[in-house]
Amino acid sequence: MPSSSPVTGRATTASWLIWFTAAFVYVLALFHRASLGVAGLDAAERFGVGSAALAMFTVLQVGVYAAMQVPTGVLVDRFGPRTVLTAALLMLGSGQVLLALAHSYALGLAARGILGVGDALTFVSVLRLAANHFPARQYMVVTSLTAALGFVGNLAATLPLTLLLAGPGWLPTFLGAGLVTVAFVVVVQAVVRDAPTARTTAVRAASLREVGRQLAGAWRVPGTRLGFWTHFTTPFSLNMMTLLWGVPFMVEGLGYPPTTASSLLIVFVLGAMVSGPVLGGFVSRRPELRMPVVLGYVAVCVASWTVLLTWPGRVPVGVLVPAFALLAVGGPVSTVGFALARDYNPLPRVGTATGAVNVGGFVATTVAALLVGVLLEVSGGDYRIALLAAVVVLLLGAFRIGVWYRRARAVVLEAQERGDEVPVRLRRRRWDLRPADADRVATR
Ligand SMILES: N[C@@H](Cc1c[nH]cn1)C(=O)NCC(=O)O
């Protein structure tokens, strides 16, 4: 099945078919990831646990996801995305089947842990296929389309899943979802090819030392580090609200009925789905503006949180909707981090670098979600105080973006001034590091 050359040429129908099949695995992963959002109350009843124990499901799942990102990147570079996607489907499916059958809290936790591993293996594999099958200039569009399509899985895990749980019930719903996921292995094996030519798929056993060198090599690149902090700062508000604190904030903090609260969560999903392709198209046409877009988003995000947390009295729906929609844009903006990893690392190391970047957002999500929980306890349930944790994480991320943006620019400017080819040409600004400082950064 021939497809485009990885860096030049045009993507073919085969490239799109391979991408779509892989992206559908991501849709399944997001469905499984978000499924406990609406099944939380059923889970609490089934396992006989309270809200703190219930929150552990999310923290464990996101924590496992974050911890698995670097190993995932290494596995993708080592075994190829097709094999890793197959493993992802098997883990996602078996985790969900185990959850369907589980009657104890411990088994339920184990099921979500297995599912978290499967989830962790998915996104980086899809991006690696995009890097292999599409020319570099299309990478950002394909990445944004992947993220947008994934949210279909999120949507399926809202009202349709609620109806399935209320109708057929826990066992048939989760068992069916698990088995369909395992069955999709057949489609992946039939359609997905790691790369357009056999030459680029060749896999060689790498020693642990080589793996370490690969990771250190990716991490040393300022573009990877800038990607990490971009991903740390931008999607966690969306994740934290949709996976854990959105509904409690609106119900307990603002006094909205649970049905209104869960309907308002759809604003996050639609906001990310709609803005993703628009942003991806814009940034692919104007890659030199991708970091200004990230910085602009951070400013908008700080403003949105400030409005939400300082609004006198109950925040009205007319304010919640635009604020949530703006926070949701962080999901698509985070894909800039992957484009940085793609542009500043050699192709055989892109999986590792992408995995390293993807750790950022999920570490930030875990830290912010935990901090909110702790601050809720300490403040006696005051959401205005507890959600300040999001602003603190945001400001930390913004500071680190500033540091690594200057360092990454310094390296690119120097290469450009030497006459080397660079992925995105830059214009030297007054606030750029001086060449002497840039030399120090490059050799560090
Ligand atoms: N680009 C983001 C998009 C996102 C964040 N949360 C849900 N989607 C991203 O990092 N995706 C990785 C993933 O596994 O969802």
# chains A, B, ... in the order shown; residues from 1 in each chain; ligands from 1
>>> residues_near_ligand(ligand="ligand 1", cutoff="6 Å", atoms="only C-alpha atoms and all ligand atoms", output="list in words")
Phe123, Ala147, Pro235, Asn239, Gly331, Pro332, Ser334, Thr335 and Asn358 of chain A
>>> write_last_selection(atoms="N, CA, C and O atoms", output="short mmCIF file (atom, residue, chain, number, x, y, z; two decimals), in the first residue's frame")
data_model
loop_
_atom_site.label_atom_id
_atom_site.label_comp_id
_atom_site.auth_asym_id
_atom_site.auth_seq_id
_atom_site.Cartn_x
_atom_site.Cartn_y
_atom_site.Cartn_z
N PHE A 123 -2.13 7.68 21.40
CA PHE A 123 -1.99 8.96 20.69
C PHE A 123 -0.62 9.09 20.02
O PHE A 123 -0.51 9.51 18.86
N ALA A 147 -6.80 15.04 17.03
CA ALA A 147 -7.32 15.49 18.34
C ALA A 147 -8.82 15.77 18.23
O ALA A 147 -9.59 15.38 19.12
N PRO A 235 -3.36 22.00 27.76
CA PRO A 235 -4.61 21.21 27.77
C PRO A 235 -5.13 20.83 29.16
O PRO A 235 -6.19 20.24 29.28
N ASN A 239 -8.72 19.05 30.47
CA ASN A 239 -8.69 17.68 31.02
C ASN A 239 -9.26 17.64 32.43
O ASN A 239 -10.08 16.79 32.76
N GLY A 331 -6.77 22.29 24.28
CA GLY A 331 -6.52 20.95 23.72
C GLY A 331 -5.85 21.07 22.36
O GLY A 331 -4.72 20.60 22.16
N PRO A 332 -6.51 21.72 21.40
CA PRO A 332 -5.87 21.91 20.08
C PRO A 332 -4.56 22.69 20.15
O PRO A 332 -3.61 22.34 19.44
N SER A 334 -2.36 22.61 22.33
CA SER A 334 -1.28 21.75 22.83
C SER A 334 -0.60 20.97 21.70
O SER A 334 0.54 20.51 21.85
N THR A 335 -1.28 20.82 20.56
CA THR A 335 -0.68 20.06 19.47
C THR A 335 0.54 20.78 18.87
O THR A 335 1.36 20.17 18.19
N ASN A 358 4.21 14.71 25.38
CA ASN A 358 2.85 14.36 25.84
C ASN A 358 2.79 14.12 27.36
O ASN A 358 1.71 14.14 27.94
#
>>> closest_atom_pairs(of="stretch 89-203 of chain A", to="stretch 44-65 of chain A", cutoff="9 Å", atoms="only C-alpha atoms", output="CSV")
residue,atom,partner,partner_atom,distance
A:Ala102,CA,A:Phe47,CA,8.6
A:His103,CA,A:Phe47,CA,6.1
A:Ser104,CA,A:Phe47,CA,5.5
A:Tyr105,CA,A:Phe47,CA,5.1
A:Ala106,CA,A:Phe47,CA,8.9
A:Gly108,CA,A:Phe47,CA,7.8
A:Leu109,CA,A:Phe57,CA,6.1
A:Arg112,CA,A:Gln61,CA,6.0
A:Gly113,CA,A:Gln61,CA,5.5
A:Ile114,CA,A:Gln61,CA,8.4
A:Leu115,CA,A:Gln61,CA,7.4
A:Gly116,CA,A:Gln61,CA,4.8
A:Val117,CA,A:Tyr65,CA,6.0
A:Gly118,CA,A:Tyr65,CA,8.5
A:Asp119,CA,A:Tyr65,CA,6.8
A:Ala120,CA,A:Tyr65,CA,4.7
A:Leu121,CA,A:Tyr65,CA,8.4
>>> write_last_selection(atoms="C-alpha atoms", output="PDB file, in the first residue's frame")
ATOM      1  CA  ALA A 102     -15.435  -6.503  38.436  1.00  0.00           C
ATOM      2  CA  HIS A 103     -17.349  -6.380  41.699  1.00  0.00           C
ATOM      3  CA  SER A 104     -14.579  -5.215  44.035  1.00  0.00           C
ATOM      4  CA  TYR A 105     -12.947  -1.766  44.227  1.00  0.00           C
ATOM      5  CA  ALA A 106      -9.447  -3.297  43.886  1.00  0.00           C
ATOM      6  CA  GLY A 108     -12.092  -1.934  39.400  1.00  0.00           C
ATOM      7  CA  LEU A 109      -8.889   0.045  40.029  1.00  0.00           C
ATOM      8  CA  ARG A 112      -8.770   1.327  35.031  1.00  0.00           C
ATOM      9  CA  GLY A 113      -4.980   0.967  35.392  1.00  0.00           C
ATOM     10  CA  ILE A 114      -4.839  -1.514  32.477  1.00  0.00           C
ATOM     11  CA  LEU A 115      -7.079   0.788  30.489  1.00  0.00           C
ATOM     12  CA  GLY A 116      -4.764   3.721  31.299  1.00  0.00           C
ATOM     13  CA  VAL A 117      -1.819   1.808  29.798  1.00  0.00           C
ATOM     14  CA  GLY A 118      -3.807   1.081  26.623  1.00  0.00           C
ATOM     15  CA  ASP A 119      -4.840   4.741  26.418  1.00  0.00           C
ATOM     16  CA  ALA A 120      -1.225   5.839  26.890  1.00  0.00           C
ATOM     17  CA  LEU A 121      -0.070   3.719  23.930  1.00  0.00           C
TER      18      LEU A 121
END
>>> atom_distance(atom1="atom CA of A:Gly80", atom2="atom CA of A:Phe20")
17.1 Å
>>> residues_around(residues="stretch 159-166 of chain A", least_positions_apart="5", cutoff="10 Å", atoms="only C-alpha atoms", output="PyMOL selection string")
chain A and resi 31+35-39+42+171-174+262-263+266
>>> closest_residue(among="A:Val74, A:Met68, A:Ala195, A:Leu101", to="A:Ala131", atoms="only C-alpha atoms")
A:Ala195
>>> residues_around(residues="A:Trp19", least_positions_apart="2", cutoff="12 Å", atoms="only C-alpha atoms", output="mmCIF file with all heavy atoms, in the first residue's frame")
data_model
loop_
_atom_site.group_PDB
_atom_site.id
_atom_site.type_symbol
_atom_site.label_atom_id
_atom_site.label_comp_id
_atom_site.auth_asym_id
_atom_site.auth_seq_id
_atom_site.Cartn_x
_atom_site.Cartn_y
_atom_site.Cartn_z
ATOM 1 N N SER A 3 2.246 4.968 0.062
ATOM 2 C CA SER A 3 1.722 6.234 0.551
ATOM 3 C C SER A 3 2.784 7.279 0.289
ATOM 4 O O SER A 3 3.705 7.042 -0.463
ATOM 5 C CB SER A 3 1.333 6.007 2.001
ATOM 6 O OG SER A 3 1.649 7.004 2.816
ATOM 7 N N ALA A 11 0.406 13.349 0.406
ATOM 8 C CA ALA A 11 -0.261 12.236 1.063
ATOM 9 C C ALA A 11 -1.247 11.638 0.066
ATOM 10 O O ALA A 11 -1.885 12.360 -0.684
ATOM 11 C CB ALA A 11 -0.998 12.746 2.284
ATOM 12 N N THR A 12 -1.341 10.304 0.057
ATOM 13 C CA THR A 12 -2.245 9.634 -0.887
ATOM 14 C C THR A 12 -3.499 9.170 -0.143
ATOM 15 O O THR A 12 -3.619 9.327 1.073
ATOM 16 C CB THR A 12 -1.550 8.398 -1.478
ATOM 17 O OG1 THR A 12 -1.259 7.529 -0.375
ATOM 18 C CG2 THR A 12 -0.287 8.770 -2.209
ATOM 19 N N THR A 13 -4.399 8.548 -0.898
ATOM 20 C CA THR A 13 -5.606 7.987 -0.275
ATOM 21 C C THR A 13 -5.193 6.971 0.796
ATOM 22 O O THR A 13 -5.809 6.886 1.860
ATOM 23 C CB THR A 13 -6.463 7.284 -1.359
ATOM 24 O OG1 THR A 13 -6.617 8.221 -2.432
ATOM 25 C CG2 THR A 13 -7.818 6.878 -0.828
ATOM 26 N N ALA A 14 -4.133 6.209 0.474
ATOM 27 C CA ALA A 14 -3.674 5.205 1.443
ATOM 28 C C ALA A 14 -3.220 5.870 2.743
ATOM 29 O O ALA A 14 -3.505 5.371 3.839
ATOM 30 C CB ALA A 14 -2.542 4.393 0.845
ATOM 31 N N SER A 15 -2.524 7.011 2.619
ATOM 32 C CA SER A 15 -2.078 7.729 3.841
ATOM 33 C C SER A 15 -3.280 8.074 4.705
ATOM 34 O O SER A 15 -3.273 7.878 5.925
ATOM 35 C CB SER A 15 -1.386 9.045 3.487
ATOM 36 O OG SER A 15 -0.496 8.900 2.430
ATOM 37 N N TRP A 16 -4.339 8.589 4.048
ATOM 38 C CA TRP A 16 -5.527 9.011 4.815
ATOM 39 C C TRP A 16 -6.249 7.823 5.422
ATOM 40 O O TRP A 16 -6.759 7.899 6.549
ATOM 41 C CB TRP A 16 -6.477 9.826 3.916
ATOM 42 C CG TRP A 16 -5.947 11.213 3.655
ATOM 43 C CD1 TRP A 16 -5.381 11.682 2.510
ATOM 44 C CD2 TRP A 16 -5.897 12.298 4.598
ATOM 45 N NE1 TRP A 16 -4.990 12.989 2.668
ATOM 46 C CE2 TRP A 16 -5.301 13.406 3.939
ATOM 47 C CE3 TRP A 16 -6.294 12.453 5.919
ATOM 48 C CZ2 TRP A 16 -5.082 14.633 4.563
ATOM 49 C CZ3 TRP A 16 -6.091 13.673 6.549
ATOM 50 C CH2 TRP A 16 -5.499 14.747 5.877
ATOM 51 N N LEU A 17 -6.288 6.698 4.667
ATOM 52 C CA LEU A 17 -6.979 5.510 5.189
ATOM 53 C C LEU A 17 -6.238 4.970 6.421
ATOM 54 O O LEU A 17 -6.848 4.611 7.436
ATOM 55 C CB LEU A 17 -7.052 4.452 4.083
ATOM 56 C CG LEU A 17 -7.878 3.220 4.421
ATOM 57 C CD1 LEU A 17 -9.327 3.595 4.685
ATOM 58 C CD2 LEU A 17 -7.811 2.198 3.283
ATOM 59 N N THR A 21 -7.861 4.932 10.210
ATOM 60 C CA THR A 21 -7.985 3.688 10.989
ATOM 61 C C THR A 21 -7.308 3.865 12.350
ATOM 62 O O THR A 21 -7.866 3.500 13.396
ATOM 63 C CB THR A 21 -7.315 2.519 10.217
ATOM 64 O OG1 THR A 21 -7.866 2.478 8.916
ATOM 65 C CG2 THR A 21 -7.519 1.200 10.921
ATOM 66 N N ALA A 22 -6.107 4.454 12.328
ATOM 67 C CA ALA A 22 -5.378 4.662 13.582
ATOM 68 C C ALA A 22 -6.112 5.677 14.462
ATOM 69 O O ALA A 22 -6.229 5.495 15.685
ATOM 70 C CB ALA A 22 -3.965 5.142 13.283
ATOM 71 N N ALA A 23 -6.628 6.740 13.831
ATOM 72 C CA ALA A 23 -7.323 7.761 14.613
ATOM 73 C C ALA A 23 -8.584 7.190 15.251
ATOM 74 O O ALA A 23 -9.005 7.633 16.324
ATOM 75 C CB ALA A 23 -7.663 8.962 13.726
ATOM 76 N N PHE A 24 -9.178 6.166 14.603
ATOM 77 C CA PHE A 24 -10.372 5.555 15.202
ATOM 78 C C PHE A 24 -9.996 4.819 16.502
ATOM 79 O O PHE A 24 -10.797 4.758 17.432
ATOM 80 C CB PHE A 24 -11.071 4.615 14.217
ATOM 81 C CG PHE A 24 -12.421 4.197 14.708
ATOM 82 C CD1 PHE A 24 -13.493 5.084 14.644
ATOM 83 C CD2 PHE A 24 -12.621 2.960 15.303
ATOM 84 C CE1 PHE A 24 -14.739 4.737 15.149
ATOM 85 C CE2 PHE A 24 -13.862 2.599 15.815
ATOM 86 C CZ PHE A 24 -14.923 3.491 15.731
ATOM 87 N N VAL A 25 -8.773 4.300 16.549
ATOM 88 C CA VAL A 25 -8.318 3.682 17.806
ATOM 89 C C VAL A 25 -8.284 4.764 18.904
ATOM 90 O O VAL A 25 -8.661 4.525 20.053
ATOM 91 C CB VAL A 25 -6.917 3.040 17.642
ATOM 92 C CG1 VAL A 25 -6.462 2.395 18.948
ATOM 93 C CG2 VAL A 25 -6.919 2.017 16.518
ATOM 94 N N TYR A 26 -7.861 5.973 18.511
ATOM 95 C CA TYR A 26 -7.826 7.092 19.482
ATOM 96 C C TYR A 26 -9.250 7.468 19.921
ATOM 97 O O TYR A 26 -9.479 7.780 21.088
ATOM 98 C CB TYR A 26 -7.094 8.278 18.844
ATOM 99 C CG TYR A 26 -6.974 9.487 19.726
ATOM 100 C CD1 TYR A 26 -6.422 9.404 21.005
ATOM 101 C CD2 TYR A 26 -7.420 10.734 19.289
ATOM 102 C CE1 TYR A 26 -6.315 10.529 21.808
ATOM 103 C CE2 TYR A 26 -7.311 11.858 20.082
ATOM 104 C CZ TYR A 26 -6.766 11.753 21.347
ATOM 105 O OH TYR A 26 -6.665 12.863 22.148
ATOM 106 N N PRO A 81 4.469 1.853 15.063
ATOM 107 C CA PRO A 81 3.155 2.221 15.591
ATOM 108 C C PRO A 81 2.080 1.143 15.423
ATOM 109 O O PRO A 81 1.177 1.037 16.252
ATOM 110 C CB PRO A 81 2.785 3.481 14.798
ATOM 111 C CG PRO A 81 3.776 3.593 13.693
ATOM 112 C CD PRO A 81 4.974 2.790 14.053
ATOM 113 N N ARG A 82 2.176 0.315 14.365
ATOM 114 C CA ARG A 82 1.136 -0.695 14.140
ATOM 115 C C ARG A 82 1.103 -1.701 15.290
ATOM 116 O O ARG A 82 0.042 -2.022 15.837
ATOM 117 C CB ARG A 82 1.424 -1.405 12.820
ATOM 118 C CG ARG A 82 0.443 -2.472 12.425
ATOM 119 C CD ARG A 82 0.825 -2.920 11.029
ATOM 120 N NE ARG A 82 -0.007 -3.944 10.488
ATOM 121 C CZ ARG A 82 0.420 -5.193 10.255
ATOM 122 N NH1 ARG A 82 1.641 -5.553 10.605
ATOM 123 N NH2 ARG A 82 -0.387 -6.065 9.699
ATOM 124 N N LEU A 85 -0.141 0.066 18.469
ATOM 125 C CA LEU A 85 -1.596 0.293 18.429
ATOM 126 C C LEU A 85 -2.361 -1.004 18.703
ATOM 127 O O LEU A 85 -3.408 -0.997 19.354
ATOM 128 C CB LEU A 85 -2.017 0.818 17.053
ATOM 129 C CG LEU A 85 -1.968 2.325 16.838
ATOM 130 C CD1 LEU A 85 -2.469 2.657 15.444
ATOM 131 C CD2 LEU A 85 -2.783 3.085 17.878
ATOM 132 N N PHE A 123 -2.131 7.679 21.403
ATOM 133 C CA PHE A 123 -1.992 8.958 20.694
ATOM 134 C C PHE A 123 -0.620 9.093 20.021
ATOM 135 O O PHE A 123 -0.514 9.507 18.865
ATOM 136 C CB PHE A 123 -2.243 10.105 21.677
ATOM 137 C CG PHE A 123 -2.418 11.446 21.031
ATOM 138 C CD1 PHE A 123 -3.533 11.730 20.266
ATOM 139 C CD2 PHE A 123 -1.457 12.442 21.177
ATOM 140 C CE1 PHE A 123 -3.706 12.970 19.669
ATOM 141 C CE2 PHE A 123 -1.617 13.684 20.585
ATOM 142 C CZ PHE A 123 -2.741 13.949 19.832
ATOM 143 N N SER A 125 1.283 6.786 18.976
ATOM 144 C CA SER A 125 1.357 5.892 17.798
ATOM 145 C C SER A 125 0.694 6.546 16.589
ATOM 146 O O SER A 125 1.211 6.466 15.467
ATOM 147 C CB SER A 125 0.643 4.563 18.078
ATOM 148 O OG SER A 125 1.167 3.958 19.217
ATOM 149 N N VAL A 126 -0.460 7.183 16.831
ATOM 150 C CA VAL A 126 -1.159 7.826 15.709
ATOM 151 C C VAL A 126 -0.289 8.956 15.147
ATOM 152 O O VAL A 126 -0.149 9.108 13.929
ATOM 153 C CB VAL A 126 -2.542 8.364 16.150
ATOM 154 C CG1 VAL A 126 -3.284 8.958 14.952
ATOM 155 C CG2 VAL A 126 -3.384 7.274 16.792
ATOM 156 N N LEU A 127 0.320 9.730 16.057
ATOM 157 C CA LEU A 127 1.162 10.846 15.576
ATOM 158 C C LEU A 127 2.383 10.336 14.827
ATOM 159 O O LEU A 127 2.844 10.945 13.863
ATOM 160 C CB LEU A 127 1.601 11.734 16.746
ATOM 161 C CG LEU A 127 0.502 12.510 17.464
ATOM 162 C CD1 LEU A 127 1.088 13.691 18.219
ATOM 163 C CD2 LEU A 127 -0.565 13.016 16.511
ATOM 164 N N ARG A 128 2.906 9.190 15.269
ATOM 165 C CA ARG A 128 4.069 8.653 14.562
ATOM 166 C C ARG A 128 3.679 8.211 13.147
ATOM 167 O O ARG A 128 4.424 8.408 12.193
ATOM 168 C CB ARG A 128 4.676 7.483 15.353
ATOM 169 C CG ARG A 128 5.930 6.920 14.727
ATOM 170 C CD ARG A 128 6.999 8.022 14.586
ATOM 171 N NE ARG A 128 7.957 7.712 13.552
ATOM 172 C CZ ARG A 128 9.109 7.083 13.738
ATOM 173 N NH1 ARG A 128 9.460 6.740 14.946
ATOM 174 N NH2 ARG A 128 9.909 6.813 12.746
ATOM 175 N N LEU A 129 2.477 7.652 13.014
ATOM 176 C CA LEU A 129 1.995 7.295 11.672
ATOM 177 C C LEU A 129 1.840 8.550 10.822
ATOM 178 O O LEU A 129 2.185 8.560 9.636
ATOM 179 C CB LEU A 129 0.661 6.547 11.767
ATOM 180 C CG LEU A 129 0.770 5.088 12.211
ATOM 181 C CD1 LEU A 129 -0.600 4.525 12.553
ATOM 182 C CD2 LEU A 129 1.422 4.237 11.114
ATOM 183 N N ALA A 130 1.341 9.623 11.454
ATOM 184 C CA ALA A 130 1.182 10.892 10.714
ATOM 185 C C ALA A 130 2.551 11.391 10.245
ATOM 186 O O ALA A 130 2.702 11.840 9.104
ATOM 187 C CB ALA A 130 0.500 11.929 11.596
ATOM 188 N N ALA A 131 3.554 11.293 11.130
ATOM 189 C CA ALA A 131 4.903 11.761 10.756
ATOM 190 C C ALA A 131 5.468 10.913 9.614
ATOM 191 O O ALA A 131 6.188 11.415 8.749
ATOM 192 C CB ALA A 131 5.831 11.716 11.968
ATOM 193 N N ASN A 132 5.129 9.621 9.607
ATOM 194 C CA ASN A 132 5.671 8.728 8.580
ATOM 195 C C ASN A 132 4.964 8.860 7.238
ATOM 196 O O ASN A 132 5.593 8.687 6.194
ATOM 197 C CB ASN A 132 5.546 7.263 9.033
ATOM 198 C CG ASN A 132 6.566 6.900 10.090
ATOM 199 O OD1 ASN A 132 7.372 7.734 10.487
ATOM 200 N ND2 ASN A 132 6.523 5.675 10.565
ATOM 201 N N HIS A 133 3.651 9.111 7.270
ATOM 202 C CA HIS A 133 2.863 9.043 6.033
ATOM 203 C C HIS A 133 2.512 10.387 5.417
ATOM 204 O O HIS A 133 1.968 10.418 4.322
ATOM 205 C CB HIS A 133 1.572 8.261 6.284
ATOM 206 C CG HIS A 133 1.803 6.787 6.455
ATOM 207 N ND1 HIS A 133 1.971 5.939 5.394
ATOM 208 C CD2 HIS A 133 1.912 6.023 7.567
ATOM 209 C CE1 HIS A 133 2.164 4.709 5.853
ATOM 210 N NE2 HIS A 133 2.138 4.740 7.169
ATOM 211 N N PHE A 134 2.767 11.479 6.151
ATOM 212 C CA PHE A 134 2.388 12.792 5.623
ATOM 213 C C PHE A 134 3.611 13.699 5.550
ATOM 214 O O PHE A 134 4.498 13.612 6.407
ATOM 215 C CB PHE A 134 1.323 13.446 6.524
ATOM 216 C CG PHE A 134 -0.007 12.755 6.437
ATOM 217 C CD1 PHE A 134 -0.268 11.622 7.192
ATOM 218 C CD2 PHE A 134 -0.995 13.226 5.577
ATOM 219 C CE1 PHE A 134 -1.491 10.962 7.108
ATOM 220 C CE2 PHE A 134 -2.217 12.578 5.483
ATOM 221 C CZ PHE A 134 -2.466 11.442 6.246
ATOM 222 N N TYR A 139 1.720 17.983 8.827
ATOM 223 C CA TYR A 139 1.723 17.283 10.120
ATOM 224 C C TYR A 139 0.777 17.946 11.123
ATOM 225 O O TYR A 139 0.012 17.284 11.821
ATOM 226 C CB TYR A 139 3.151 17.253 10.677
ATOM 227 C CG TYR A 139 3.287 16.477 11.962
ATOM 228 C CD1 TYR A 139 3.187 15.092 11.982
ATOM 229 C CD2 TYR A 139 3.512 17.129 13.169
ATOM 230 C CE1 TYR A 139 3.315 14.378 13.154
ATOM 231 C CE2 TYR A 139 3.641 16.422 14.353
ATOM 232 C CZ TYR A 139 3.548 15.052 14.337
ATOM 233 O OH TYR A 139 3.667 14.351 15.504
ATOM 234 N N VAL A 142 -2.904 17.234 10.340
ATOM 235 C CA VAL A 142 -3.288 15.855 10.655
ATOM 236 C C VAL A 142 -3.351 15.653 12.176
ATOM 237 O O VAL A 142 -4.267 15.005 12.696
ATOM 238 C CB VAL A 142 -2.303 14.856 9.992
ATOM 239 C CG1 VAL A 142 -2.652 13.428 10.350
ATOM 240 C CG2 VAL A 142 -2.330 15.021 8.485
ATOM 241 N N THR A 143 -2.405 16.263 12.887
ATOM 242 C CA THR A 143 -2.416 16.163 14.355
ATOM 243 C C THR A 143 -3.686 16.790 14.923
ATOM 244 O O THR A 143 -4.344 16.218 15.790
ATOM 245 C CB THR A 143 -1.171 16.877 14.927
ATOM 246 O OG1 THR A 143 -0.024 16.298 14.322
ATOM 247 C CG2 THR A 143 -1.063 16.710 16.413
ATOM 248 N N LEU A 145 -6.527 17.282 13.354
ATOM 249 C CA LEU A 145 -7.691 16.464 12.981
ATOM 250 C C LEU A 145 -7.799 15.249 13.900
ATOM 251 O O LEU A 145 -8.892 14.849 14.290
ATOM 252 C CB LEU A 145 -7.571 15.998 11.522
ATOM 253 C CG LEU A 145 -7.862 17.052 10.457
ATOM 254 C CD1 LEU A 145 -7.650 16.464 9.066
ATOM 255 C CD2 LEU A 145 -9.297 17.571 10.577
ATOM 256 N N THR A 146 -6.647 14.671 14.259
ATOM 257 C CA THR A 146 -6.655 13.510 15.159
ATOM 258 C C THR A 146 -7.281 13.905 16.491
ATOM 259 O O THR A 146 -8.172 13.209 17.012
ATOM 260 C CB THR A 146 -5.212 13.006 15.413
ATOM 261 O OG1 THR A 146 -4.561 12.823 14.162
ATOM 262 C CG2 THR A 146 -5.197 11.721 16.215
ATOM 263 N N LEU A 149 -11.034 14.535 16.030
ATOM 264 C CA LEU A 149 -11.791 13.291 15.843
ATOM 265 C C LEU A 149 -11.903 12.532 17.170
ATOM 266 O O LEU A 149 -12.938 11.949 17.485
ATOM 267 C CB LEU A 149 -11.096 12.430 14.786
ATOM 268 C CG LEU A 149 -11.881 11.223 14.290
ATOM 269 C CD1 LEU A 149 -13.115 11.674 13.527
ATOM 270 C CD2 LEU A 149 -11.016 10.359 13.375
ATOM 271 N N VAL A 188 -6.949 -2.950 12.215
ATOM 272 C CA VAL A 188 -5.621 -2.312 12.285
ATOM 273 C C VAL A 188 -4.585 -3.167 11.572
ATOM 274 O O VAL A 188 -3.770 -2.668 10.784
ATOM 275 C CB VAL A 188 -5.225 -2.058 13.760
ATOM 276 C CG1 VAL A 188 -3.749 -1.734 13.892
ATOM 277 C CG2 VAL A 188 -6.063 -0.917 14.323
ATOM 278 N N VAL A 191 -5.144 -2.845 7.721
ATOM 279 C CA VAL A 191 -5.018 -1.558 7.024
ATOM 280 C C VAL A 191 -3.714 -0.809 7.330
ATOM 281 O O VAL A 191 -3.108 -0.220 6.429
ATOM 282 C CB VAL A 191 -6.231 -0.656 7.398
ATOM 283 C CG1 VAL A 191 -6.082 0.730 6.784
ATOM 284 C CG2 VAL A 191 -7.537 -1.302 6.980
ATOM 285 N N VAL A 192 -3.299 -0.825 8.586
ATOM 286 C CA VAL A 192 -2.197 0.074 8.980
ATOM 287 C C VAL A 192 -0.839 -0.478 8.555
ATOM 288 O O VAL A 192 -0.557 -1.669 8.731
ATOM 289 C CB VAL A 192 -2.229 0.315 10.517
ATOM 290 C CG1 VAL A 192 -1.024 1.123 10.969
ATOM 291 C CG2 VAL A 192 -3.526 1.033 10.903
ATOM 292 N N ARG A 193 -0.038 0.389 7.954
ATOM 293 C CA ARG A 193 1.360 0.070 7.639
ATOM 294 C C ARG A 193 2.207 1.135 8.314
ATOM 295 O O ARG A 193 1.876 2.315 8.276
ATOM 296 C CB ARG A 193 1.602 0.100 6.124
ATOM 297 C CG ARG A 193 0.846 -0.977 5.364
ATOM 298 C CD ARG A 193 1.412 -2.390 5.647
ATOM 299 N NE ARG A 193 0.577 -3.446 5.089
ATOM 300 C CZ ARG A 193 -0.397 -4.086 5.751
ATOM 301 N NH1 ARG A 193 -0.672 -3.777 7.007
ATOM 302 N NH2 ARG A 193 -1.100 -5.032 5.174
ATOM 303 N N ASP A 194 3.342 0.711 8.905
ATOM 304 C CA ASP A 194 4.135 1.660 9.683
ATOM 305 C C ASP A 194 4.633 2.842 8.866
ATOM 306 O O ASP A 194 4.672 3.965 9.340
ATOM 307 C CB ASP A 194 5.330 0.959 10.333
ATOM 308 C CG ASP A 194 4.905 0.219 11.589
ATOM 309 O OD1 ASP A 194 3.831 0.542 12.115
ATOM 310 O OD2 ASP A 194 5.645 -0.677 12.027
ATOM 311 N N ALA A 195 5.077 2.565 7.654
ATOM 312 C CA ALA A 195 5.664 3.640 6.849
ATOM 313 C C ALA A 195 5.439 3.330 5.378
ATOM 314 O O ALA A 195 5.145 2.184 5.017
ATOM 315 C CB ALA A 195 7.149 3.770 7.163
#
>>> closest_residue(among="A:Arg349, A:Arg409, A:Arg209, A:Arg290", to="A:Val422", atoms="only C-alpha atoms")
A:Arg409
>>> residues_around(residues="A:Ala386", least_positions_apart="6", cutoff="6 Å", atoms="only C-alpha atoms", output="list of chain:residue names")
A:Val372, A:Leu375, A:Leu376
>>> write_last_selection(atoms="C-alpha atoms", output="JSON list (two decimals), in the first residue's frame")
[["chain", "number", "residue", "atom", "x", "y", "z"],
["A", 372, "VAL", "CA", -7.71, 21.11, 43.71],
["A", 375, "LEU", "CA", -7.39, 22.69, 48.58],
["A", 376, "LEU", "CA", -11.05, 21.68, 48.66]]
>>> closest_residue(among="A:Thr181, A:Thr352, A:Asn154, A:Gln138", to="A:Ala88", atoms="only C-alpha atoms")
A:Thr181
>>> atom_distance(atom1="atom CA of A:Asp382", atom2="atom CA of A:Gly253")
7.1 Å
>>> atom_distance(atom1="atom CA of A:Ala328", atom2="atom CA of A:Gly402")
21.9 Å
>>> decode(residues="stretch 130-138 of chain A", atoms="C-alpha atoms", output="tab-separated table (two decimals), in the first residue's frame")
chain	number	residue	atom	x	y	z
A	130	ALA	CA	1.18	10.89	10.71
A	131	ALA	CA	4.90	11.76	10.76
A	132	ASN	CA	5.67	8.73	8.58
A	133	HIS	CA	2.86	9.04	6.03
A	134	PHE	CA	2.39	12.79	5.62
A	135	PRO	CA	4.75	15.54	4.48
A	136	ALA	CA	6.03	17.79	7.30
A	137	ARG	CA	3.89	20.74	6.21
A	138	GLN	CA	0.71	18.67	6.73
